[in-house]
file structure38.json (JSON, C-alpha atoms)
[["chain", "number", "residue", "atom", "x", "y", "z"],
["D", 204, "MET", "CA", -5.07, 2.43, 26.71],
["D", 205, "SER", "CA", -8.10, 4.36, 25.55],
["D", 206, "SER", "CA", -8.97, 4.83, 21.92],
["D", 207, "VAL", "CA", -7.76, 8.19, 20.62],
["D", 208, "ASN", "CA", -8.41, 9.54, 17.15],
["D", 209, "LEU", "CA", -4.90, 10.64, 16.21],
["D", 210, "GLY", "CA", -6.08, 12.94, 13.43],
["D", 211, "LYS", "CA", -8.38, 14.86, 15.74],
["D", 212, "GLN", "CA", -5.87, 14.97, 18.57],
["D", 213, "HIS", "CA", -3.04, 16.32, 16.38],
["D", 214, "PRO", "CA", -4.63, 17.70, 13.19],
["D", 215, "GLU", "CA", -1.45, 19.36, 11.89],
["D", 216, "ALA", "CA", 0.48, 16.09, 11.94],
["D", 217, "TYR", "CA", -2.49, 14.44, 10.19],
["D", 218, "LYS", "CA", -2.49, 17.16, 7.50],
["D", 219, "GLN", "CA", 1.23, 16.60, 6.93],
["D", 220, "LEU", "CA", 0.61, 12.88, 6.43],
["D", 221, "ILE", "CA", -2.12, 13.73, 3.89],
["D", 222, "ALA", "CA", 0.38, 15.95, 2.04],
["D", 223, "LEU", "CA", 3.05, 13.23, 2.09],
["D", 224, "ASN", "CA", 0.45, 10.75, 0.81],
["D", 225, "GLY", "CA", -0.29, 13.04, -2.13],
["D", 226, "GLN", "CA", 3.40, 13.33, -2.95],
["D", 227, "ALA", "CA", 3.87, 9.55, -2.80],
["D", 228, "ASP", "CA", 0.85, 8.97, -5.07],
["D", 229, "ALA", "CA", 2.19, 11.57, -7.52],
["D", 230, "ALA", "CA", 5.63, 9.91, -7.49],
["D", 231, "VAL", "CA", 4.08, 6.54, -8.38],
["D", 232, "GLU", "CA", 2.08, 8.12, -11.21],
["D", 233, "ALA", "CA", 5.08, 10.10, -12.50],
["D", 234, "SER", "CA", 7.26, 6.99, -12.46],
["D", 235, "GLY", "CA", 5.06, 5.38, -15.10],
["D", 236, "LEU", "CA", 3.65, 2.67, -12.86],
["D", 237, "GLY", "CA", 0.08, 3.94, -13.01],
["D", 238, "PRO", "CA", -2.57, 4.25, -10.32],
["D", 239, "LEU", "CA", -3.60, 0.58, -10.25],
["D", 240, "VAL", "CA", -0.13, -0.53, -9.16],
["D", 241, "GLY", "CA", -0.34, 2.00, -6.35],
["D", 242, "ASP", "CA", -3.73, 0.65, -5.29],
["D", 243, "LEU", "CA", -2.45, -2.93, -5.34],
["D", 244, "VAL", "CA", 0.45, -1.90, -3.13],
["D", 245, "LYS", "CA", -1.90, -0.11, -0.71],
["D", 246, "ILE", "CA", -4.19, -3.13, -0.50],
["D", 247, "ARG", "CA", -1.31, -5.57, 0.01],
["D", 248, "ILE", "CA", 0.28, -3.49, 2.75],
["D", 249, "SER", "CA", -3.08, -3.18, 4.47],
["D", 250, "GLN", "CA", -3.48, -6.97, 4.28],
["D", 251, "LEU", "CA", -0.07, -7.43, 5.91],
["D", 252, "ASN", "CA", -0.86, -4.92, 8.65],
["D", 253, "GLY", "CA", -4.43, -6.12, 9.23],
["D", 254, "CYS", "CA", -6.02, -2.71, 8.63],
["D", 255, "ALA", "CA", -9.67, -3.34, 7.76],
["D", 256, "PHE", "CA", -10.45, 0.35, 7.26],
["D", 257, "CYS", "CA", -7.71, 0.81, 4.64],
["D", 258, "LEU", "CA", -8.45, -2.56, 3.01],
["D", 259, "ARG", "CA", -12.05, -1.58, 2.39],
["D", 260, "MET", "CA", -11.18, 1.92, 1.17],
["D", 261, "HIS", "CA", -8.38, 0.94, -1.22],
["D", 262, "THR", "CA", -10.18, -2.13, -2.55],
["D", 263, "ARG", "CA", -13.16, 0.07, -3.43],
["D", 264, "ASP", "CA", -10.83, 2.64, -5.01],
["D", 265, "ALA", "CA", -9.09, -0.01, -7.12],
["D", 266, "LEU", "CA", -12.34, -1.57, -8.31],
["D", 267, "GLU", "CA", -13.70, 1.88, -9.27],
["D", 268, "LYS", "CA", -10.55, 2.51, -11.34],
["D", 269, "GLY", "CA", -11.04, -0.75, -13.25],
["D", 270, "GLU", "CA", -9.13, -3.31, -11.20],
["D", 271, "THR", "CA", -10.68, -6.77, -11.44],
["D", 272, "SER", "CA", -12.15, -8.62, -8.50],
["D", 273, "ASP", "CA", -10.13, -11.70, -9.51],
["D", 274, "ARG", "CA", -6.83, -9.87, -9.10],
["D", 275, "VAL", "CA", -7.90, -8.38, -5.78],
["D", 276, "ALA", "CA", -9.05, -11.83, -4.62],
["D", 277, "VAL", "CA", -5.63, -13.41, -5.22],
["D", 278, "LEU", "CA", -3.53, -10.44, -4.11],
["D", 279, "ALA", "CA", -2.74, -12.06, -0.76],
["D", 280, "ALA", "CA", -0.95, -14.81, -2.73],
["D", 281, "TRP", "CA", 0.22, -12.72, -5.70],
["D", 282, "TRP", "CA", 3.44, -14.74, -6.15],
["D", 283, "GLU", "CA", 1.42, -17.92, -6.82],
["D", 284, "SER", "CA", -0.78, -16.47, -9.53],
["D", 285, "GLN", "CA", -0.23, -15.47, -13.12],
["D", 286, "TYR", "CA", -2.46, -12.40, -12.78],
["D", 287, "PHE", "CA", 0.35, -9.91, -12.22],
["D", 288, "THR", "CA", 2.99, -8.52, -14.57],
["D", 289, "PRO", "CA", 6.70, -8.75, -13.70],
["D", 290, "GLN", "CA", 6.62, -5.03, -12.85],
["D", 291, "GLU", "CA", 3.59, -5.45, -10.55],
["D", 292, "ARG", "CA", 5.22, -8.47, -8.90],
["D", 293, "ALA", "CA", 8.41, -6.49, -8.30],
["D", 294, "ALA", "CA", 6.41, -3.59, -6.83],
["D", 295, "LEU", "CA", 4.48, -5.93, -4.52],
["D", 296, "ALA", "CA", 7.65, -7.69, -3.37],
["D", 297, "LEU", "CA", 9.34, -4.36, -2.67],
["D", 298, "ALA", "CA", 6.28, -3.14, -0.75],
["D", 299, "GLU", "CA", 6.39, -6.29, 1.38],
["D", 300, "GLN", "CA", 10.09, -5.79, 2.04],
["D", 301, "VAL", "CA", 9.53, -2.20, 3.17],
["D", 302, "THR", "CA", 6.57, -3.25, 5.32],
["D", 303, "ARG", "CA", 8.13, -6.24, 7.00],
["D", 304, "LEU", "CA", 11.73, -4.97, 7.19],
["D", 305, "SER", "CA", 12.68, -8.53, 8.11],
["D", 306, "VAL", "CA", 12.84, -9.54, 4.45],
["D", 307, "PRO", "CA", 16.26, -8.09, 3.54],
["D", 308, "ASP", "CA", 16.83, -10.01, 0.32],
["D", 309, "ALA", "CA", 16.52, -7.47, -2.51],
["D", 310, "ARG", "CA", 16.74, -10.29, -5.06],
["D", 311, "VAL", "CA", 13.08, -10.98, -4.32],
["D", 312, "TRP", "CA", 12.09, -7.83, -6.21],
["D", 313, "ASP", "CA", 15.25, -6.53, -7.88],
["D", 314, "ASP", "CA", 14.92, -8.34, -11.19],
["D", 315, "GLY", "CA", 15.22, -5.22, -13.35],
["D", 316, "SER", "CA", 11.45, -4.74, -13.69],
["D", 317, "LEU", "CA", 11.56, -1.42, -11.83],
["D", 318, "THR", "CA", 13.61, 1.69, -12.55],
["D", 319, "ASP", "CA", 15.35, 3.55, -9.73],
["D", 320, "GLU", "CA", 12.53, 6.13, -9.87],
["D", 321, "GLN", "CA", 9.92, 3.39, -9.54],
["D", 322, "VAL", "CA", 11.79, 1.74, -6.64],
["D", 323, "SER", "CA", 11.85, 5.07, -4.84],
["D", 324, "ALA", "CA", 8.17, 5.80, -5.62],
["D", 325, "ILE", "CA", 6.98, 2.39, -4.38],
["D", 326, "SER", "CA", 9.19, 2.67, -1.29],
["D", 327, "TRP", "CA", 7.71, 6.06, -0.39],
["D", 328, "LEU", "CA", 4.18, 4.84, -1.07],
["D", 329, "SER", "CA", 4.86, 1.84, 1.19],
["D", 330, "ILE", "CA", 6.19, 4.05, 3.97],
["D", 331, "VAL", "CA", 3.13, 6.30, 3.79],
["D", 332, "MET", "CA", 0.71, 3.38, 3.62],
["D", 333, "ASN", "CA", 2.29, 1.78, 6.66],
["D", 334, "ALA", "CA", 1.83, 5.09, 8.50],
["D", 335, "TRP", "CA", -1.84, 5.28, 7.46],
["D", 336, "ASN", "CA", -2.45, 1.71, 8.63],
["D", 337, "ARG", "CA", -1.01, 2.56, 12.00],
["D", 338, "VAL", "CA", -3.13, 5.73, 12.28],
["D", 339, "ALA", "CA", -6.32, 3.86, 11.38],
["D", 340, "ILE", "CA", -5.64, 0.86, 13.63],
["D", 341, "THR", "CA", -4.48, 2.96, 16.60],
["D", 342, "SER", "CA", -7.46, 5.31, 16.21],
["D", 343, "HIS", "CA", -9.87, 2.36, 15.92],
["D", 344, "TYR", "CA", -11.47, 3.72, 12.75],
["D", 345, "PRO", "CA", -14.89, 2.10, 12.41],
["D", 346, "VAL", "CA", -15.42, -0.47, 9.69],
["D", 347, "ALA", "CA", -19.07, -1.36, 9.29],
["D", 348, "PRO", "CA", -21.11, -2.67, 6.38]]

call {"tool": "encode", "arguments": {"input": "structure38.json", "output": "C-alpha cells"}}
result
Amino acid sequence: MSSVNLGKQHPEAYKQLIALNGQADAAVEASGLGPLVGDLVKIRISQLNGCAFCLRMHTRDALEKGETSDRVAVLAAWWESQYFTPQERAALALAEQVTRLSVPDARVWDDGSLTDEQVSAISWLSIVMNAWNRVAITSHYPVAP
C-alpha cells in the first residue's frame, strides 16, 4: 500500500475531524478537568498507539502549558507513580479503556473521581485522539528532529 496523506486526499473529512477535536477539547475544559489533563490523555493514547508525530506535538504542547518533564517521563507507567491525582489517574485509566477496548473493567477508573460530564469529555477526547493517531500513522506524517 502506498503512503497517502488522508487530509489532502479528503480535506472535508479532515476538517470535520478538526472540528470534532475542538469540541472534545472544549468539553474537557468545560468539565473542569483543565487543559493539562487533556494533554496527558493525548500523550498517553499516542504512546499506546505508537504515534510519534502526535507524541512529539502533544508533549511539546503540555510542556509549554506548564506540565513537568518528570510527569511526562513517567506517564507510560502512571499507575506506579505518585505524580498524578486521583482524578488524573481516573482520566488516564478511562482513556486506556477507550483506546484498548479490551479492558472492559470500569472499576479500573470508576472510583468516583470523575463526574458523568468528565467521563463523557474524556471518552470523546479519547475517541478523537485515537482517530488522529490513525490519520498520522496511516499518512506517514514525518517526525524529524

call {"tool": "residues_around", "arguments": {"input": "structure38.json", "residues": "range 256-265 of chain D", "least_positions_apart": "4", "cutoff": "7 Å", "atoms": "only C-alpha atoms", "output": "tab-separated table (two decimals) with C-alpha atoms, in the frame of the given file"}}
result
chain	number	residue	atom	x	y	z
D	239	LEU	CA	-3.60	0.58	-10.25
D	242	ASP	CA	-3.73	0.65	-5.29
D	245	LYS	CA	-1.90	-0.11	-0.71
D	246	ILE	CA	-4.19	-3.13	-0.50
D	249	SER	CA	-3.08	-3.18	4.47
D	250	GLN	CA	-3.48	-6.97	4.28
D	269	GLY	CA	-11.04	-0.75	-13.25
D	270	GLU	CA	-9.13	-3.31	-11.20
D	336	ASN	CA	-2.45	1.71	8.63
D	339	ALA	CA	-6.32	3.86	11.38
D	344	TYR	CA	-11.47	3.72	12.75
D	346	VAL	CA	-15.42	-0.47	9.69

call {"tool": "residues_around", "arguments": {"input": "structure38.json", "residues": "Thr318 in chain D", "least_positions_apart": "4", "cutoff": "9 Å", "atoms": "all atoms listed in the file", "output": "list in words"}}
result
Ser234, Val322 and Ser323 of chain D

call {"tool": "write_last_selection", "arguments": {"input": "structure38.json", "atoms": "C-alpha atoms", "output": "CSV table (one decimal), in the frame of the given file"}}
result
chain,number,residue,atom,x,y,z
D,234,SER,CA,7.3,7.0,-12.5
D,322,VAL,CA,11.8,1.7,-6.6
D,323,SER,CA,11.8,5.1,-4.8

call {"tool": "closest_residue", "arguments": {"input": "structure38.json", "among": "D:Thr341, D:Ser284, D:Asn224, D:Ser206", "to": "Cys254 in chain D", "atoms": "only C-alpha atoms"}}
result
D:Thr341

call {"tool": "closest_residue", "arguments": {"input": "structure38.json", "among": "D:Leu220, D:Val244, D:Val231, D:Leu328", "to": "Leu295 in chain D", "atoms": "all atoms listed in the file"}}
result
D:Val244

call {"tool": "closest_residue", "arguments": {"input": "structure38.json", "among": "D:Arg292, D:Ala230, D:Ala255, D:Leu236", "to": "Pro345 in chain D", "atoms": "only C-alpha atoms"}}
result
D:Ala255

call {"tool": "atom_distance", "arguments": {"input": "structure38.json", "atom1": "CA of His343 in chain D", "atom2": "CA of Ile248 in chain D"}}
result
17.6 Å

call {"tool": "atom_distance", "arguments": {"input": "structure38.json", "atom1": "CA of Gln300 in chain D", "atom2": "CA of Met332 in chain D"}}
result
13.2 Å

call {"tool": "residues_around", "arguments": {"input": "structure38.json", "residues": "Glu291 in chain D", "least_positions_apart": "5", "cutoff": "10 Å", "atoms": "all atoms listed in the file", "output": "VMD selection string"}}
result
chain D and resid 236 239 to 241 243 to 244 281 286 296 to 297 312 316 to 317

call {"tool": "atom_distance", "arguments": {"input": "structure38.json", "atom1": "CA of Leu266 in chain D", "atom2": "CA of Gly237 in chain D"}}
result
14.4 Å

call {"tool": "closest_residue", "arguments": {"input": "structure38.json", "among": "D:Ile325, D:Val331, D:Ala347, D:Val338", "to": "Ala222 in chain D", "atoms": "all atoms listed in the file"}}
result
D:Val331

call {"tool": "closest_residue", "arguments": {"input": "structure38.json", "among": "D:Asp273, D:Asp314, D:Glu299, D:Glu320", "to": "Ala229 in chain D", "atoms": "all atoms listed in the file"}}
result
D:Glu320

call {"tool": "decode", "arguments": {"input": "structure38.json", "residues": "range 313-334 of chain D", "atoms": "C-alpha atoms", "output": "mmCIF file, in the first residue's frame"}}
result
data_model
loop_
_atom_site.group_PDB
_atom_site.id
_atom_site.type_symbol
_atom_site.label_atom_id
_atom_site.label_comp_id
_atom_site.auth_asym_id
_atom_site.auth_seq_id
_atom_site.Cartn_x
_atom_site.Cartn_y
_atom_site.Cartn_z
ATOM 1 C CA ASP D 313 -14.743 4.393 38.116
ATOM 2 C CA ASP D 314 -13.745 5.314 41.648
ATOM 3 C CA GLY D 315 -15.895 8.444 41.837
ATOM 4 C CA SER D 316 -13.059 10.792 40.853
ATOM 5 C CA LEU D 317 -14.829 11.813 37.644
ATOM 6 C CA THR D 318 -18.304 13.248 37.152
ATOM 7 C CA ASP D 319 -20.544 11.966 34.359
ATOM 8 C CA GLU D 320 -19.640 15.104 32.369
ATOM 9 C CA GLN D 321 -15.932 14.405 32.837
ATOM 10 C CA VAL D 322 -16.334 10.734 31.853
ATOM 11 C CA SER D 323 -18.076 11.820 28.663
ATOM 12 C CA ALA D 324 -15.485 14.543 27.932
ATOM 13 C CA ILE D 325 -12.518 12.193 28.397
ATOM 14 C CA SER D 326 -14.253 9.495 26.342
ATOM 15 C CA TRP D 327 -14.820 11.893 23.437
ATOM 16 C CA LEU D 328 -11.281 13.222 23.680
ATOM 17 C CA SER D 329 -10.000 9.632 23.608
ATOM 18 C CA ILE D 330 -12.096 8.787 20.563
ATOM 19 C CA VAL D 331 -10.814 11.852 18.713
ATOM 20 C CA MET D 332 -7.208 11.238 19.723
ATOM 21 C CA ASN D 333 -7.386 7.660 18.518
ATOM 22 C CA ALA D 334 -8.683 8.959 15.177
#
